[in-house]
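Colleague: Contents of entry-v7.pdb (PDB, C-alpha atoms and all ligand atoms):
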ATOM      1  CA  GLU R   1     -12.231  17.227  14.923
ATOM      2  CA  VAL R   2      -9.884  19.800  16.389
ATOM      3  CA  LEU R   3      -6.316  18.684  16.959
ATOM      4  CA  ARG R   4      -3.790  20.396  19.219
ATOM      5  CA  GLY R   5      -1.136  22.173  17.250
ATOM      6  CA  PHE R   6      -3.485  22.638  14.349
ATOM      7  CA  ASP R   7      -4.088  26.215  13.412
ATOM      8  CA  LEU R   8      -7.671  26.565  12.247
ATOM      9  CA  GLN R   9      -6.901  30.025  10.882
ATOM     10  CA  THR R  10      -4.227  28.887   8.477
ATOM     11  CA  GLY R  11      -5.224  25.235   8.116
ATOM     12  CA  PHE R  12      -1.662  24.199   8.951
ATOM     13  CA  PHE R  13       0.031  22.506  11.848
ATOM     14  CA  ARG R  14       2.588  24.620  13.672
ATOM     15  CA  PHE R  15       6.180  23.468  13.476
ATOM     16  CA  LYS R  16       6.766  24.187  17.171
ATOM     17  CA  GLN R  17       3.989  21.780  18.126
ATOM     18  CA  MET R  18       5.219  19.096  15.750
ATOM     19  CA  LYS R  19       8.662  19.427  17.280
ATOM     20  CA  ALA R  20       7.194  19.009  20.744
ATOM     21  CA  ALA R  21       4.925  16.139  19.674
ATOM     22  CA  THR R  22       7.846  14.131  18.318
ATOM     23  CA  ASN R  23      10.175  15.060  21.195
ATOM     24  CA  ASN R  24      12.295  17.194  18.866
ATOM     25  CA  PHE R  25      12.309  14.498  16.158
ATOM     26  CA  ASP R  26      14.046  12.173  18.564
ATOM     27  CA  ALA R  27      15.677   9.141  16.918
ATOM     28  CA  ALA R  28      13.814   6.964  19.432
ATOM     29  CA  ASN R  29      10.551   8.164  17.874
ATOM     30  CA  LYS R  30      11.610   7.358  14.341
ATOM     31  CA  LEU R  31       9.270   4.876  12.678
ATOM     32  CA  GLY R  32      11.385   4.447   9.575
ATOM     33  CA  GLU R  33      12.450   5.955   6.287
ATOM     34  CA  GLY R  34       9.963   6.431   3.494
ATOM     35  CA  GLY R  35      10.405   7.578  -0.083
ATOM     36  CA  PHE R  36      10.499  11.192   1.112
ATOM     37  CA  GLY R  37      12.507  10.918   4.262
ATOM     38  CA  ALA R  38      12.046  10.015   7.870
ATOM     39  CA  VAL R  39       8.718   9.279   9.540
ATOM     40  CA  TYR R  40       8.366   9.984  13.275
ATOM     41  CA  LYS R  41       5.792   8.968  15.817
ATOM     42  CA  GLY R  42       4.318  11.866  17.741
ATOM     43  CA  GLU R  43       1.744  12.520  20.411
ATOM     44  CA  LEU R  44      -0.393  15.624  20.534
ATOM     45  CA  LEU R  45      -1.285  17.213  23.877
ATOM     46  CA  ASP R  46      -4.745  15.654  23.786
ATOM     47  CA  GLY R  47      -3.187  12.176  23.547
ATOM     48  CA  THR R  48      -3.796  11.658  19.817
ATOM     49  CA  PHE R  49      -0.967   9.708  18.215
ATOM     50  CA  ILE R  50       0.297  10.957  14.881
ATOM     51  CA  ALA R  51       2.903  10.013  12.284
ATOM     52  CA  VAL R  52       4.951  12.940  11.006
ATOM     53  CA  LYS R  53       6.604  12.604   7.634
ATOM     54  CA  GLN R  54       9.549  14.917   7.098
ATOM     55  CA  LEU R  55      10.841  15.788   3.639
ATOM     56  CA  SER R  56      14.561  15.083   3.683
ATOM     57  CA  SER R  57      16.012  16.249   0.394
ATOM     58  CA  LYS R  58      15.332  19.708  -0.935
ATOM     59  CA  SER R  59      15.320  18.380  -4.464
ATOM     60  CA  LYS R  60      12.751  19.891  -6.757
ATOM     61  CA  GLN R  61      11.416  16.460  -7.584
ATOM     62  CA  GLY R  62      10.874  15.678  -3.939
ATOM     63  CA  ASN R  63       9.179  18.988  -3.285
ATOM     64  CA  ARG R  64       6.887  18.634  -6.218
ATOM     65  CA  GLU R  65       5.858  15.156  -5.161
ATOM     66  CA  PHE R  66       5.398  16.333  -1.626
ATOM     67  CA  VAL R  67       3.017  19.095  -2.610
ATOM     68  CA  ASN R  68       1.334  16.650  -4.984
ATOM     69  CA  GLU R  69       0.764  14.324  -2.049
ATOM     70  CA  ILE R  70      -0.826  17.044   0.097
ATOM     71  CA  GLY R  71      -3.223  18.004  -2.665
ATOM     72  CA  MET R  72      -4.135  14.440  -3.486
ATOM     73  CA  ILE R  73      -4.611  12.996  -0.047
ATOM     74  CA  SER R  74      -6.542  15.854   1.477
ATOM     75  CA  ALA R  75      -9.223  15.325  -1.165
ATOM     76  CA  LEU R  76      -9.511  11.605  -0.422
ATOM     77  CA  GLN R  77     -11.529   9.981   2.351
ATOM     78  CA  HIS R  78     -11.941   6.246   2.690
ATOM     79  CA  PRO R  79     -11.589   3.713   5.546
ATOM     80  CA  ASN R  80      -8.814   1.963   3.589
ATOM     81  CA  LEU R  81      -6.697   5.053   2.963
ATOM     82  CA  VAL R  82      -4.358   6.511   5.594
ATOM     83  CA  LYS R  83      -5.911   9.707   6.874
ATOM     84  CA  LEU R  84      -3.988  12.934   6.438
ATOM     85  CA  TYR R  85      -4.652  15.300   9.339
ATOM     86  CA  GLY R  86      -2.809  18.175   7.748
ATOM     87  CA  CYS R  87       0.596  19.540   6.943
ATOM     88  CA  CYS R  88       3.156  21.995   8.190
ATOM     89  CA  ILE R  89       5.050  24.360   5.897
ATOM     90  CA  GLU R  90       7.315  26.739   7.801
ATOM     91  CA  GLY R  91      10.594  28.129   6.535
ATOM     92  CA  ASN R  92      12.249  25.264   4.719
ATOM     93  CA  GLN R  93      10.375  22.680   6.775
ATOM     94  CA  LEU R  94       7.812  20.506   5.077
ATOM     95  CA  LEU R  95       5.897  18.002   7.189
ATOM     96  CA  LEU R  96       2.876  15.800   6.557
ATOM     97  CA  VAL R  97       0.832  14.797   9.595
ATOM     98  CA  TYR R  98      -1.042  11.491   9.420
ATOM     99  CA  GLU R  99      -3.067   9.310  11.718
ATOM    100  CA  TYR R 100      -0.743   6.893  13.515
ATOM    101  CA  MET R 101      -1.014   3.281  12.395
ATOM    102  CA  ALA R 102      -0.240   1.090  15.394
ATOM    103  CA  ASN R 103       0.805  -2.046  13.497
ATOM    104  CA  ASN R 104       3.216  -0.425  11.029
ATOM    105  CA  SER R 105       3.363  -1.699   7.496
ATOM    106  CA  LEU R 106       2.133  -4.971   6.070
ATOM    107  CA  ALA R 107       5.716  -5.646   4.888
ATOM    108  CA  HIS R 108       6.940  -5.233   8.443
ATOM    109  CA  THR R 109       4.306  -7.616   9.813
ATOM    110  CA  LEU R 110       4.449 -10.168   7.013
ATOM    111  CA  PHE R 111       8.212 -10.333   6.462
ATOM    112  CA  GLY R 112       9.472  -9.025   9.781
ATOM    113  CA  PRO R 113       9.974 -10.849  13.049
ATOM    114  CA  GLU R 114       8.059 -14.023  13.749
ATOM    115  CA  GLU R 115       5.813 -12.321  16.349
ATOM    116  CA  GLY R 116       4.446 -10.006  13.660
ATOM    117  CA  LEU R 117       3.416 -12.862  11.432
ATOM    118  CA  LYS R 118       1.573 -14.551  14.286
ATOM    119  CA  LYS R 119      -1.034 -11.791  14.191
ATOM    120  CA  LEU R 120      -1.848 -12.601  10.589
ATOM    121  CA  ASP R 121      -4.212 -15.554  10.758
ATOM    122  CA  TRP R 122      -6.253 -16.562   7.739
ATOM    123  CA  ARG R 123      -9.282 -14.339   8.467
ATOM    124  CA  THR R 124      -7.007 -11.354   9.013
ATOM    125  CA  ARG R 125      -5.187 -11.955   5.735
ATOM    126  CA  GLN R 126      -8.523 -12.138   3.915
ATOM    127  CA  LYS R 127      -9.692  -8.943   5.581
ATOM    128  CA  ILE R 128      -6.446  -7.204   4.602
ATOM    129  CA  CYS R 129      -6.685  -8.411   1.011
ATOM    130  CA  VAL R 130     -10.275  -7.214   0.537
ATOM    131  CA  GLY R 131      -9.530  -3.951   2.361
ATOM    132  CA  ILE R 132      -6.664  -3.065   0.022
ATOM    133  CA  ALA R 133      -8.872  -3.918  -2.949
ATOM    134  CA  ARG R 134     -11.646  -1.648  -1.619
ATOM    135  CA  GLY R 135      -9.183   1.209  -1.151
ATOM    136  CA  LEU R 136      -8.142   0.792  -4.782
ATOM    137  CA  VAL R 137     -11.757   0.667  -6.016
ATOM    138  CA  TYR R 138     -12.207   4.007  -4.301
ATOM    139  CA  LEU R 139      -9.066   5.496  -5.876
ATOM    140  CA  HIS R 140      -9.742   4.191  -9.384
ATOM    141  CA  GLU R 141     -13.480   4.312  -9.656
ATOM    142  CA  GLU R 142     -15.175   6.226  -6.854
ATOM    143  CA  SER R 143     -13.046   9.215  -5.911
ATOM    144  CA  ALA R 144     -13.681  12.393  -7.870
ATOM    145  CA  LEU R 145     -10.020  12.404  -8.896
ATOM    146  CA  LYS R 146      -9.664   8.916 -10.451
ATOM    147  CA  ILE R 147      -6.213   8.111  -9.246
ATOM    148  CA  VAL R 148      -3.576   5.543 -10.173
ATOM    149  CA  HIS R 149      -1.407   5.007  -7.098
ATOM    150  CA  ARG R 150       1.639   3.708  -9.064
ATOM    151  CA  ASP R 151       3.441   2.227  -6.057
ATOM    152  CA  ILE R 152       1.221  -0.383  -4.411
ATOM    153  CA  LYS R 153       3.424  -2.715  -2.341
ATOM    154  CA  THR R 154       3.371  -4.299   1.103
ATOM    155  CA  ASN R 155       5.536  -1.445   2.480
ATOM    156  CA  ASN R 156       2.859   1.072   1.485
ATOM    157  CA  ILE R 157       0.028  -0.773   3.198
ATOM    158  CA  LEU R 158      -0.213   0.232   6.851
ATOM    159  CA  LEU R 159      -2.144  -1.654   9.530
ATOM    160  CA  ASP R 160      -4.144   0.014  12.304
ATOM    161  CA  GLU R 161      -4.629  -1.366  15.839
ATOM    162  CA  ASP R 162      -7.280  -3.815  14.571
ATOM    163  CA  LEU R 163      -5.106  -4.866  11.609
ATOM    164  CA  ASN R 164      -7.311  -3.025   9.130
ATOM    165  CA  PRO R 165      -5.244  -2.139   6.063
ATOM    166  CA  LYS R 166      -4.872   1.422   4.807
ATOM    167  CA  ILE R 167      -3.046   2.479   1.670
ATOM    168  CA  SER R 168      -0.383   5.137   2.189
ATOM    169  CA  ASP R 169       2.205   7.093   0.229
ATOM    170  CA  PHE R 170       0.329   8.983  -2.416
ATOM    171  CA  GLY R 171       3.366  10.973  -3.482
ATOM    172  CA  LEU R 172       3.529   9.075  -6.731
ATOM    173  CA  ALA R 173      -0.183   9.123  -7.423
ATOM    174  CA  LYS R 174      -1.145  10.485 -10.812
ATOM    175  CA  LEU R 175      -4.413  11.802 -12.085
ATOM    176  CA  ASP R 176      -5.991   9.266 -14.336
ATOM    177  CA  GLU R 177      -6.702  11.034 -17.619
ATOM    178  CA  GLU R 178      -9.978  10.792 -19.549
ATOM    179  CA  GLU R 179      -8.888   7.697 -21.390
ATOM    180  CA  LYS R 180      -7.559   6.162 -18.209
ATOM    181  CA  THR R 181      -4.121   6.095 -19.782
ATOM    182  CA  HIS R 182      -1.099   8.127 -19.053
ATOM    183  CA  ILE R 183       2.316   8.062 -20.635
ATOM    184  CA  SER R 184       4.564   8.842 -17.743
ATOM    185  CA  THR R 185       7.630  11.023 -18.146
ATOM    186  CA  ARG R 186       9.315   9.373 -15.252
ATOM    187  CA  VAL R 187       8.742   5.809 -14.252
ATOM    188  CA  ALA R 188       8.388   5.553 -10.506
ATOM    189  CA  GLY R 189       7.497   2.429  -8.649
ATOM    190  CA  THR R 190       9.170  -0.575  -7.081
ATOM    191  CA  ILE R 191      10.818  -3.542  -8.772
ATOM    192  CA  GLY R 192       8.928  -6.708  -8.014
ATOM    193  CA  TYR R 193       5.575  -4.899  -7.946
ATOM    194  CA  MET R 194       5.618  -2.881 -11.171
ATOM    195  CA  ALA R 195       3.469  -3.998 -14.088
ATOM    196  CA  PRO R 196       5.658  -4.933 -17.087
ATOM    197  CA  GLU R 197       4.099  -2.409 -19.509
ATOM    198  CA  TYR R 198       4.667   0.364 -16.995
ATOM    199  CA  ALA R 199       8.227  -0.701 -16.083
ATOM    200  CA  LEU R 200       9.263  -1.127 -19.739
ATOM    201  CA  TRP R 201       7.392   1.602 -21.603
ATOM    202  CA  GLY R 202       5.989   3.897 -18.945
ATOM    203  CA  TYR R 203       2.504   2.990 -20.149
ATOM    204  CA  LEU R 204       0.342   3.746 -17.139
ATOM    205  CA  THR R 205      -3.293   2.886 -16.524
ATOM    206  CA  ASP R 206      -5.173   1.824 -13.413
ATOM    207  CA  LYS R 207      -4.331  -1.731 -14.507
ATOM    208  CA  ALA R 208      -0.764  -1.118 -13.314
ATOM    209  CA  ASP R 209      -2.147  -0.941  -9.747
ATOM    210  CA  VAL R 210      -4.159  -4.114 -10.401
ATOM    211  CA  TYR R 211      -0.912  -5.940 -11.243
ATOM    212  CA  SER R 212       0.795  -4.659  -8.086
ATOM    213  CA  PHE R 213      -2.237  -5.686  -6.065
ATOM    214  CA  GLY R 214      -1.924  -9.201  -7.504
ATOM    215  CA  VAL R 215       1.658  -9.413  -6.249
ATOM    216  CA  VAL R 216       0.622  -8.150  -2.796
ATOM    217  CA  ALA R 217      -2.213 -10.712  -2.620
ATOM    218  CA  LEU R 218       0.215 -13.489  -3.493
ATOM    219  CA  GLU R 219       2.603 -12.296  -0.785
ATOM    220  CA  LEU R 220      -0.218 -12.168   1.770
ATOM    221  CA  LEU R 221      -1.196 -15.702   0.953
ATOM    222  CA  SER R 222       2.294 -17.175   0.948
ATOM    223  CA  GLY R 223       3.941 -15.004   3.604
ATOM    224  CA  LYS R 224       6.859 -14.647   1.188
ATOM    225  CA  ASN R 225       8.398 -11.617  -0.448
ATOM    226  CA  ASN R 226       7.974 -11.684  -4.237
ATOM    227  CA  ILE R 227      11.568 -10.864  -5.108
ATOM    228  CA  LYS R 228      13.356 -12.319  -2.118
ATOM    229  CA  TYR R 229      11.739 -15.733  -2.362
ATOM    230  CA  ARG R 230      13.622 -18.166  -4.599
ATOM    231  CA  PRO R 231      12.485 -21.758  -4.215
ATOM    232  CA  ASN R 232      15.451 -22.728  -6.412
ATOM    233  CA  GLU R 233      17.834 -21.133  -8.907
ATOM    234  CA  ASN R 234      15.378 -21.514 -11.814
ATOM    235  CA  PHE R 235      12.980 -18.947 -10.451
ATOM    236  CA  VAL R 236      13.561 -15.247 -10.084
ATOM    237  CA  CYS R 237      10.455 -14.528  -8.050
ATOM    238  CA  LEU R 238       7.434 -15.875  -6.214
ATOM    239  CA  LEU R 239       5.201 -15.015  -9.171
ATOM    240  CA  ASP R 240       7.268 -17.262 -11.493
ATOM    241  CA  TRP R 241       6.974 -20.057  -9.001
ATOM    242  CA  ALA R 242       3.194 -19.510  -8.780
ATOM    243  CA  LEU R 243       2.841 -19.798 -12.576
ATOM    244  CA  VAL R 244       4.723 -23.094 -12.587
ATOM    245  CA  LEU R 245       2.587 -24.436  -9.745
ATOM    246  CA  GLN R 246      -0.507 -23.355 -11.677
ATOM    247  CA  GLN R 247       0.576 -25.455 -14.658
ATOM    248  CA  LYS R 248       1.293 -28.406 -12.418
ATOM    249  CA  GLY R 249      -2.058 -28.006 -10.683
ATOM    250  CA  ASN R 250      -0.297 -27.570  -7.325
ATOM    251  CA  LEU R 251      -1.405 -24.054  -6.441
ATOM    252  CA  MET R 252      -2.155 -24.909  -2.818
ATOM    253  CA  GLU R 253       1.596 -25.295  -2.245
ATOM    254  CA  LEU R 254       1.719 -21.502  -2.234
ATOM    255  CA  VAL R 255      -0.228 -21.195   1.002
ATOM    256  CA  ASP R 256       1.929 -20.060   3.913
ATOM    257  CA  PRO R 257       2.836 -23.181   5.937
ATOM    258  CA  LYS R 258       2.633 -21.021   9.062
ATOM    259  CA  LEU R 259      -1.140 -20.937   8.625
ATOM    260  CA  GLY R 260      -1.179 -24.645   9.476
ATOM    261  CA  SER R 261      -4.632 -26.033   8.774
ATOM    262  CA  GLN R 262      -6.557 -22.950   9.913
ATOM    263  CA  PHE R 263      -7.352 -21.687   6.408
ATOM    264  CA  ASN R 264     -10.310 -22.515   4.186
ATOM    265  CA  LYS R 265      -9.074 -24.256   1.025
ATOM    266  CA  GLU R 266     -11.780 -22.940  -1.246
ATOM    267  CA  GLU R 267     -11.207 -19.366  -0.102
ATOM    268  CA  ALA R 268      -7.429 -19.756  -0.401
ATOM    269  CA  MET R 269      -7.767 -21.079  -3.943
ATOM    270  CA  ARG R 270     -10.022 -18.166  -4.834
ATOM    271  CA  MET R 271      -7.462 -15.694  -3.512
ATOM    272  CA  ILE R 272      -4.619 -17.309  -5.495
ATOM    273  CA  LYS R 273      -6.649 -17.328  -8.701
ATOM    274  CA  VAL R 274      -7.616 -13.693  -8.287
ATOM    275  CA  ALA R 275      -3.963 -12.796  -7.611
ATOM    276  CA  LEU R 276      -2.850 -14.560 -10.789
ATOM    277  CA  LEU R 277      -5.591 -12.909 -12.878
ATOM    278  CA  CYS R 278      -4.412  -9.528 -11.574
ATOM    279  CA  ALA R 279      -0.777 -10.306 -12.365
ATOM    280  CA  ASN R 280      -1.548 -11.153 -15.992
ATOM    281  CA  PRO R 281       1.219  -9.722 -18.223
ATOM    282  CA  SER R 282      -1.405  -8.151 -20.464
ATOM    283  CA  PRO R 283      -3.120  -5.139 -18.829
ATOM    284  CA  ALA R 284      -6.296  -5.599 -20.872
ATOM    285  CA  LEU R 285      -6.771  -9.063 -19.418
ATOM    286  CA  ARG R 286      -6.527  -7.932 -15.799
ATOM    287  CA  PRO R 287      -9.838  -7.426 -13.975
ATOM    288  CA  THR R 288     -10.942  -4.050 -12.633
ATOM    289  CA  MET R 289     -10.611  -3.600  -8.877
ATOM    290  CA  SER R 290     -14.376  -3.718  -8.350
ATOM    291  CA  ALA R 291     -14.433  -7.084 -10.155
ATOM    292  CA  VAL R 292     -11.606  -8.167  -7.828
ATOM    293  CA  VAL R 293     -13.655  -7.239  -4.737
ATOM    294  CA  SER R 294     -16.676  -9.214  -5.912
ATOM    295  CA  MET R 295     -14.497 -12.226  -6.807
ATOM    296  CA  LEU R 296     -12.756 -12.139  -3.418
ATOM    297  CA  GLU R 297     -16.091 -11.926  -1.668
ATOM    298  CA  GLY R 298     -17.324 -14.942  -3.613
ATOM    299  CA  GLN R 299     -20.045 -13.003  -5.429
ATOM    300  CA  THR R 300     -18.530 -13.817  -8.803
ATOM    301  CA  ILE R 301     -17.019 -17.092  -9.904
ATOM    302  CA  VAL R 302     -13.339 -16.832 -10.720
ATOM    303  CA  HIS R 303     -12.508 -18.195 -14.160
ATOM    304  CA  GLU R 304      -8.921 -19.001 -14.965
TER     305      GLU R 304
HETATM  306  O1  LIG N 401       7.208  -0.643   8.003
HETATM  307  P1  LIG N 401       7.238   0.532   8.895
HETATM  308  O2  LIG N 401       7.487   0.319  10.322
HETATM  309  O3  LIG N 401       5.928   1.436   8.715
HETATM  310  O4  LIG N 401       8.253   1.561   8.277
HETATM  311  C1  LIG N 401       7.624   2.517   7.497
HETATM  312  C2  LIG N 401       8.231   3.872   7.761
HETATM  313  O5  LIG N 401       7.345   4.590   8.585
HETATM  314  C3  LIG N 401       8.512   4.652   6.475
HETATM  315  O6  LIG N 401       7.369   4.820   5.703
HETATM  316  C4  LIG N 401       6.238   3.814   8.928
HETATM  317  N1  LIG N 401       5.044   4.646   8.779
HETATM  318  C5  LIG N 401       4.729   5.452   7.746
HETATM  319  N2  LIG N 401       3.564   6.073   7.975
HETATM  320  C6  LIG N 401       3.122   5.650   9.184
HETATM  321  C7  LIG N 401       1.931   5.904   9.973
HETATM  322  N3  LIG N 401       0.970   6.725   9.541
HETATM  323  N4  LIG N 401       1.827   5.271  11.152
HETATM  324  C8  LIG N 401       2.785   4.423  11.575
HETATM  325  N5  LIG N 401       3.903   4.128  10.878
HETATM  326  C9  LIG N 401       4.062   4.739   9.704
HETATM  327  C10 LIG N 401       6.203   2.632   7.996
END
As structure tokens - that is how I would like this structure written.
Modeller:
Amino acid sequence: EVLRGFDLQTGFFRFKQMKAATNNFDAANKLGEGGFGAVYKGELLDGTFIAVKQLSSKSKQGNREFVNEIGMISALQHPNLVKLYGCCIEGNQLLLVYEYMANNSLAHTLFGPEEGLKKLDWRTRQKICVGIARGLVYLHEESALKIVHRDIKTNNILLDEDLNPKISDFGLAKLDEEEKTHISTRVAGTIGYMAPEYALWGYLTDKADVYSFGVVALELLSGKNNIKYRPNENFVCLLDWALVLQQKGNLMELVDPKLGSQFNKEEAMRMIKVALLCANPSPALRPTMSAVVSMLEGQTIVHE
């Protein structure tokens, strides 16, 4: 696949072309701000849409993560991971060029304007949930690198034109060591999605991603943001509320009322139970992502 602006000789995109593709990084083409800086929509001369991520700060940390991201992503290929077309390093400019994801992030669609949420019927939410899980199976178990993403959240799940989910933002990804454990020197992640052992002690294993996935699955099911949703002053987050409902035997109350009656109760219950297993405070008790996929697909019975 040859893309305009891509220099086959050097393997890099040319800055001039990226400037042209994004209309000189026009504010009107800005898709949003990510952890690294602004992301712009661009169009190559052959009509291919791209998303161009521009590193904003020249901080060492940022640069290191940026280069880390290039190395990581270019080695990864999976239908549930955002595809990296290439990068551009010219002067002090650092750009990452990705495939354009027409439906923005899952956070945008799930928590944004009402029209966004309308697209997310029950089947679509199931498809998104399993897709994210498959992307994580690939990262944790199938890719040669064995990667822990460290920052799985609805903002980092992008949706393509058919609402297929793809995991993005690998800047924080860390190589999973032999033992599948890693004591991190710097905790990076997002409050509301971070596993407790990682947030408190920097103890990082692939089970930290499993926890974050559990939170995302719960958000998908309820249409509510984990930290912004407070049913009343006794609860700090959606997850707390879910645990109370579990004890009361009222788990179905979690299902997004906007789904009306279009969802399948058995499937919804399975998704909630899997989400709660994943969000177990003890990492050892969380399932692996491949176990999650088989539970979501109904191949394995979910025990509480
Ligand atoms: O929720 P959003 O609209 O979707 O806002 C964020 C923003 O840029 C910062 O990350 C959007 N974004 C990131 N990568 C892409 C991409 N490949 N295609 C489309 N939008 C993207 C994201």
Colleague: Here is a test: counting all atoms listed in the file, which residue of R:Leu110, R:Ala38, R:Ala133, R:Leu76 is nearest to ligand LIG 401 (chain N)?
Modeller: R:Ala38
Colleague: Quick one: which residues end up in the PyMOL selection byres (((not hetatm)) within 10 of (chain N and resi 401)) for this structure, as a ChimeraX atom specification?
Modeller: /R:30-42,49-53,82-84,96-112,154-160,166-169
Colleague: Leu95 of chain R: which residues within 8 Å, counting only C-alpha atoms, same-chain residues fewer than 6 positions away excluded, as a compact mmCIF listing (two decimals) with C-alpha atoms, in the coordinates of the input?
Modeller:
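Dumped to part-v2.txt:
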# COMPACT_ATOMS: atom_id res chain seq x y z
CA VAL R 52 4.95 12.94 11.01
CA LYS R 53 6.60 12.60 7.63
CA GLN R 54 9.55 14.92 7.10
CA LEU R 55 10.84 15.79 3.64
CA CYS R 87 0.60 19.54 6.94
CA CYS R 88 3.16 22.00 8.19
CA ILE R 89 5.05 24.36 5.90
Colleague: When you draw a straight line from atom CA of Met194 of chain R to atom CA of Val236 of chain R, how long is it in Å?
Modeller: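 Taking atom CA of Met194 of chain R as the start and atom CA of Val236 of chain R as the end point, the length is 14.7 Å.
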Colleague: Record the distance separating atom CA of Gly86 of chain R and atom CA of Glu141 of chain R, expressed in Å with one decimal.
Modeller: 24.7 Å
Colleague: Just want the 9 Å neighbourhood of Leu220 of chain R, counted on all atoms listed in the file, with same-chain residues fewer than 4 positions away dropped. Output as a PDB file with C-alpha atoms, in the coordinates of the input.
Modeller:
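That gives us selection-v6.pdb:
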ATOM      1  CA  LEU R 106       2.133  -4.971   6.070  1.00  0.00           C
ATOM      2  CA  LEU R 110       4.449 -10.168   7.013  1.00  0.00           C
ATOM      3  CA  LEU R 120      -1.848 -12.601  10.589  1.00  0.00           C
ATOM      4  CA  ARG R 125      -5.187 -11.955   5.735  1.00  0.00           C
ATOM      5  CA  GLN R 126      -8.523 -12.138   3.915  1.00  0.00           C
ATOM      6  CA  ILE R 128      -6.446  -7.204   4.602  1.00  0.00           C
ATOM      7  CA  CYS R 129      -6.685  -8.411   1.011  1.00  0.00           C
ATOM      8  CA  THR R 154       3.371  -4.299   1.103  1.00  0.00           C
ATOM      9  CA  VAL R 215       1.658  -9.413  -6.249  1.00  0.00           C
ATOM     10  CA  VAL R 216       0.622  -8.150  -2.796  1.00  0.00           C
ATOM     11  CA  LYS R 224       6.859 -14.647   1.188  1.00  0.00           C
ATOM     12  CA  ASN R 225       8.398 -11.617  -0.448  1.00  0.00           C
ATOM     13  CA  ASP R 256       1.929 -20.060   3.913  1.00  0.00           C
TER      14      ASP R 256
END
Colleague: Atom CA of Pro287 of chain R and atom CA of Leu145 of chain R, how far apart in Å?
Modeller: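 Computing it gives 20.5 Å between the two atoms.
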Colleague: Assuming the chain letters and numbering stay as they are in my file, what does the PyMOL selection byres (((chain R and resi 7-19) around 7) and not hetatm) actually select? List them as a list of chain:residue names.
Modeller: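 Written out, the selection comes to R:Gly5, R:Phe6, R:Ala20, R:Ala21, R:Thr22, R:Asn23, R:Asn24, R:Phe25, R:Gly86, R:Cys87, R:Cys88, R:Glu90.
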Colleague: Using the partial input, fill out segment 78-82 of chain R with all heavy atoms; write the result as an mmCIF file, in the frame of the given file.
Modeller:
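Writing the result to part.cif gives the following:
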data_model
loop_
_atom_site.group_PDB
_atom_site.id
_atom_site.type_symbol
_atom_site.label_atom_id
_atom_site.label_comp_id
_atom_site.auth_asym_id
_atom_site.auth_seq_id
_atom_site.Cartn_x
_atom_site.Cartn_y
_atom_site.Cartn_z
ATOM 1 N N HIS R 78 -11.447 7.618 2.775
ATOM 2 C CA HIS R 78 -11.941 6.246 2.690
ATOM 3 C C HIS R 78 -11.355 5.450 3.845
ATOM 4 O O HIS R 78 -10.204 5.679 4.215
ATOM 5 C CB HIS R 78 -11.530 5.614 1.339
ATOM 6 C CG HIS R 78 -12.154 4.280 1.087
ATOM 7 N ND1 HIS R 78 -11.567 3.104 1.509
ATOM 8 C CD2 HIS R 78 -13.317 3.928 0.497
ATOM 9 C CE1 HIS R 78 -12.349 2.083 1.162
ATOM 10 N NE2 HIS R 78 -13.411 2.567 0.550
ATOM 11 N N PRO R 79 -12.123 4.486 4.413
ATOM 12 C CA PRO R 79 -11.589 3.713 5.546
ATOM 13 C C PRO R 79 -10.314 2.940 5.215
ATOM 14 O O PRO R 79 -9.579 2.575 6.123
ATOM 15 C CB PRO R 79 -12.723 2.756 5.910
ATOM 16 C CG PRO R 79 -13.858 3.038 5.005
ATOM 17 C CD PRO R 79 -13.536 4.200 4.144
ATOM 18 N N ASN R 80 -10.030 2.700 3.945
ATOM 19 C CA ASN R 80 -8.814 1.963 3.589
ATOM 20 C C ASN R 80 -7.711 2.848 3.011
ATOM 21 O O ASN R 80 -6.832 2.371 2.298
ATOM 22 C CB ASN R 80 -9.144 0.805 2.651
ATOM 23 C CG ASN R 80 -10.037 -0.220 3.308
ATOM 24 O OD1 ASN R 80 -11.201 -0.353 2.955
ATOM 25 N ND2 ASN R 80 -9.517 -0.898 4.311
ATOM 26 N N LEU R 81 -7.786 4.135 3.323
ATOM 27 C CA LEU R 81 -6.697 5.053 2.963
ATOM 28 C C LEU R 81 -6.212 5.727 4.241
ATOM 29 O O LEU R 81 -7.035 6.123 5.074
ATOM 30 C CB LEU R 81 -7.181 6.149 2.000
ATOM 31 C CG LEU R 81 -7.751 5.740 0.651
ATOM 32 C CD1 LEU R 81 -8.049 6.986 -0.167
ATOM 33 C CD2 LEU R 81 -6.801 4.831 -0.107
ATOM 34 N N VAL R 82 -4.896 5.844 4.403
ATOM 35 C CA VAL R 82 -4.358 6.511 5.594
ATOM 36 C C VAL R 82 -4.831 7.954 5.607
ATOM 37 O O VAL R 82 -4.755 8.657 4.606
ATOM 38 C CB VAL R 82 -2.814 6.464 5.610
ATOM 39 C CG1 VAL R 82 -2.265 7.296 6.753
ATOM 40 C CG2 VAL R 82 -2.321 5.032 5.741
#
